[in-house]
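*Asks:* Questions regarding the structure given below will be posed in turn.
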Amino acid sequence: KAGVTQTPRYLIKTRGQQVTLSCSPISGHRSVSWYQQTPGQGLQFLFEYFSETQRNKGNFPGRFSGRQFSNSRSEMNVSTLELGDSALYLCATREGGTTSTDTQYFGPGTRLTVL
Amino acid sequence: SQKIEQNSEALNIQEGKTATLTCNYTNYSPAYLQWYRQDPGRGPVFLLLIRENEKEKRKERLKVTFDTTLKQSLFHITASQPADSATYLCALPNTGGFKTIFGAGTRLFVKA
């Protein structure tokens, strides 16, 4: 099976702009989670989508939003970018279901730089 | 609140030795614990999952222990190789089990 893909891999934006990142899960995976990784904060959970519905949400401001399509592909959007949003954004997919014990598979990430 | 602690200092060891990494957690009792490996600029890769009723789990040169009394997991790499150099992350489910909370990770350097 093909792995998790994320596009774009690198992105440079300026403050105030908005950005949309995309994640295509492994075939058959219905759960997509998004994480932000920075040197200072580590891996922080943003949100999880399952069957087109947001199932869980982390502690991020409303500028961070996401959605999932019927084919399980997911996008996340960050509006009004701030310098502190510079990070590696990772998506992780799994088969889903009622618990999180099934293995998560991470994509390579999108490196976002905000100038 | 739930908290995971991993040694933030890098661990430097000689090739062939056993590397031991520690993960401590507080304020909850997870049903399982996971270990991931992350290389620079890449996403984490799942290594092992150990459940609360398992004391130890092995996979090739990897061994994980889970002490629910001490609230601690130890991750061992035996006969370490330079290719094992990476950051190792410990992860646990939050209360309710739907979110995965990651530790900050420990950077391992294996010298030839």
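We label chains A, B, ... in the order they appear in the structure tokens, count residues from 1 in each chain, and number ligands from 1 in the order shown.
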Would you list the contacts of B:Asp67 as a list in words, taking every protein, DNA or RNA residue within 8 Å and counting only C-alpha atoms, but skipping same-chain residues closer than 5 positions in sequence?
*Replies:*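 So, after excluding close chain neighbours, the residues are Lys55, Gln72 and Ser73 of chain B.
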*Asks:* Residues of chain B within 8 Å of chain A, counting only C-alpha atoms, what are they? List them as a list in words.
*Replies:* Tyr32, Gly41, Arg42, Gly43, Pro44, Val45, Phe46, Pro93, Gly97, Phe98, Lys99, Thr100, Ile101, Phe102, Gly103, Ala104 and Gly105 of chain B
*Asks:* Have a look at B:Val110, B:Ala10, B:Cys23, B:Ala91 and name the one nearest to B:Thr78; count only C-alpha atoms.
*Replies:*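 Among the listed residues, B:Val110 lies closest to B:Thr78.
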*Asks:* Which neighbours of B:Ser80 fall inside 8 Å, counting only C-alpha atoms, when residues of the same chain fewer than 4 positions from it are skipped, and could you give them as a VMD selection string?
*Replies:* chain B and resid 14 to 19 84 110
*Asks:* Store the residues picked out above in a file with N, CA and C atoms, as an mmCIF file, in the first residue's frame.
*Replies:*
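The result, stored in result_17.cif:
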data_model
loop_
_atom_site.group_PDB
_atom_site.id
_atom_site.type_symbol
_atom_site.label_atom_id
_atom_site.label_comp_id
_atom_site.auth_asym_id
_atom_site.auth_seq_id
_atom_site.Cartn_x
_atom_site.Cartn_y
_atom_site.Cartn_z
ATOM 1 N N GLN B 14 28.179 4.265 22.753
ATOM 2 C CA GLN B 14 29.097 3.634 21.809
ATOM 3 C C GLN B 14 28.390 2.489 21.089
ATOM 4 N N GLU B 15 28.727 2.312 19.845
ATOM 5 C CA GLU B 15 28.176 1.203 19.067
ATOM 6 C C GLU B 15 28.368 -0.118 19.798
ATOM 7 N N GLY B 16 27.332 -0.941 19.786
ATOM 8 C CA GLY B 16 27.407 -2.249 20.426
ATOM 9 C C GLY B 16 26.860 -2.263 21.843
ATOM 10 N N LYS B 17 26.756 -1.096 22.454
ATOM 11 C CA LYS B 17 26.220 -1.009 23.816
ATOM 12 C C LYS B 17 24.695 -0.984 23.792
ATOM 13 N N THR B 18 24.101 -1.118 24.961
ATOM 14 C CA THR B 18 22.648 -1.032 25.080
ATOM 15 C C THR B 18 22.232 0.381 25.441
ATOM 16 N N ALA B 19 21.319 0.923 24.668
ATOM 17 C CA ALA B 19 20.754 2.252 24.965
ATOM 18 C C ALA B 19 19.473 2.058 25.762
ATOM 19 N N ASP B 84 20.822 3.528 14.463
ATOM 20 C CA ASP B 84 19.778 3.709 15.485
ATOM 21 C C ASP B 84 19.696 5.149 15.960
ATOM 22 N N VAL B 110 24.462 7.239 18.436
ATOM 23 C CA VAL B 110 25.279 6.045 18.576
ATOM 24 C C VAL B 110 26.553 6.257 17.774
#
*Asks:* Expressed in Å to a single decimal, how great is the separation between atom CA of B:Tyr28 and atom CA of A:Ser31?
*Replies:* 24.7 Å
*Asks:* Between atom CA of A:Leu112 and atom CA of A:Gln6, measure the distance and give it in Å to one decimal.
*Replies:*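 Those two atoms sit 12.3 Å apart.
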*Asks:* Mind pulling up the distance from atom CA of B:Arg107 to atom CA of B:Asp39?
*Replies:* 9.6 Å
*Asks:* Residues of stretch 1-35 of chain A classed as strand (DSSP E) by DSSP on the backbone are to be reported as a PyMOL selection string.
*Replies:* chain A and resi 5-7+10-13+19-24+31-35
*Asks:* Generate a file of the selected residues that holds C-alpha atoms, formatted as a PDB file, in the first residue's frame.
*Replies:*
ATOM      1  CA  THR A   5       1.222  11.618   1.563  1.00  0.00           C
ATOM      2  CA  GLN A   6       1.239  15.271   2.462  1.00  0.00           C
ATOM      3  CA  THR A   7       1.354  18.258   0.160  1.00  0.00           C
ATOM      4  CA  TYR A  10       7.524  23.021   2.072  1.00  0.00           C
ATOM      5  CA  LEU A  11       5.717  26.319   2.259  1.00  0.00           C
ATOM      6  CA  ILE A  12       6.756  29.898   2.933  1.00  0.00           C
ATOM      7  CA  LYS A  13       4.106  32.442   3.825  1.00  0.00           C
ATOM      8  CA  VAL A  19      -2.556  28.352   4.226  1.00  0.00           C
ATOM      9  CA  THR A  20      -4.141  25.018   3.359  1.00  0.00           C
ATOM     10  CA  LEU A  21      -2.307  21.738   3.825  1.00  0.00           C
ATOM     11  CA  SER A  22      -3.411  18.397   2.447  1.00  0.00           C
ATOM     12  CA  CYS A  23      -3.125  14.820   3.675  1.00  0.00           C
ATOM     13  CA  SER A  24      -3.968  11.651   1.766  1.00  0.00           C
ATOM     14  CA  SER A  31      -9.062   8.401  10.745  1.00  0.00           C
ATOM     15  CA  VAL A  32      -6.794  11.365  10.085  1.00  0.00           C
ATOM     16  CA  SER A  33      -5.111  13.294  12.886  1.00  0.00           C
ATOM     17  CA  TRP A  34      -3.111  16.483  12.547  1.00  0.00           C
ATOM     18  CA  TYR A  35      -0.168  17.488  14.728  1.00  0.00           C
TER      19      TYR A  35
END
*Asks:* Would you pick out the contacts of A:His29 at 9 Å or less, using only C-alpha atoms, so that residues sharing its chain but fewer than 4 positions from it are not included, and give the list as a list in words?
*Replies:*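 My reading of the contact set: Pro25, Ser72, Thr93, Arg94, Glu95 and Gly96 of chain A.
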*Asks:* Between B:Ser29, B:Asn12, B:Thr65, B:Thr20, which has the minimum distance to B:Gly96 (counting only C-alpha atoms)?
*Replies:*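 Selected residue with least distance to B:Gly96: B:Ser29.
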*Asks:* Give me the residues within 8 Å of B:Ala86 as an MDAnalysis selection string, counting only C-alpha atoms and dropping any in the same chain fewer than 6 places off.
*Replies:* chainID B and resid 37:40 107:109
*Asks:* Excluding A:Arg67 and its own-chain neighbours fewer than 2 positions away, which residues fall within 7 Å of it when counting only C-alpha atoms? Please give them as an MDAnalysis selection string.
*Replies:* chainID A and resid 52 69 74:76
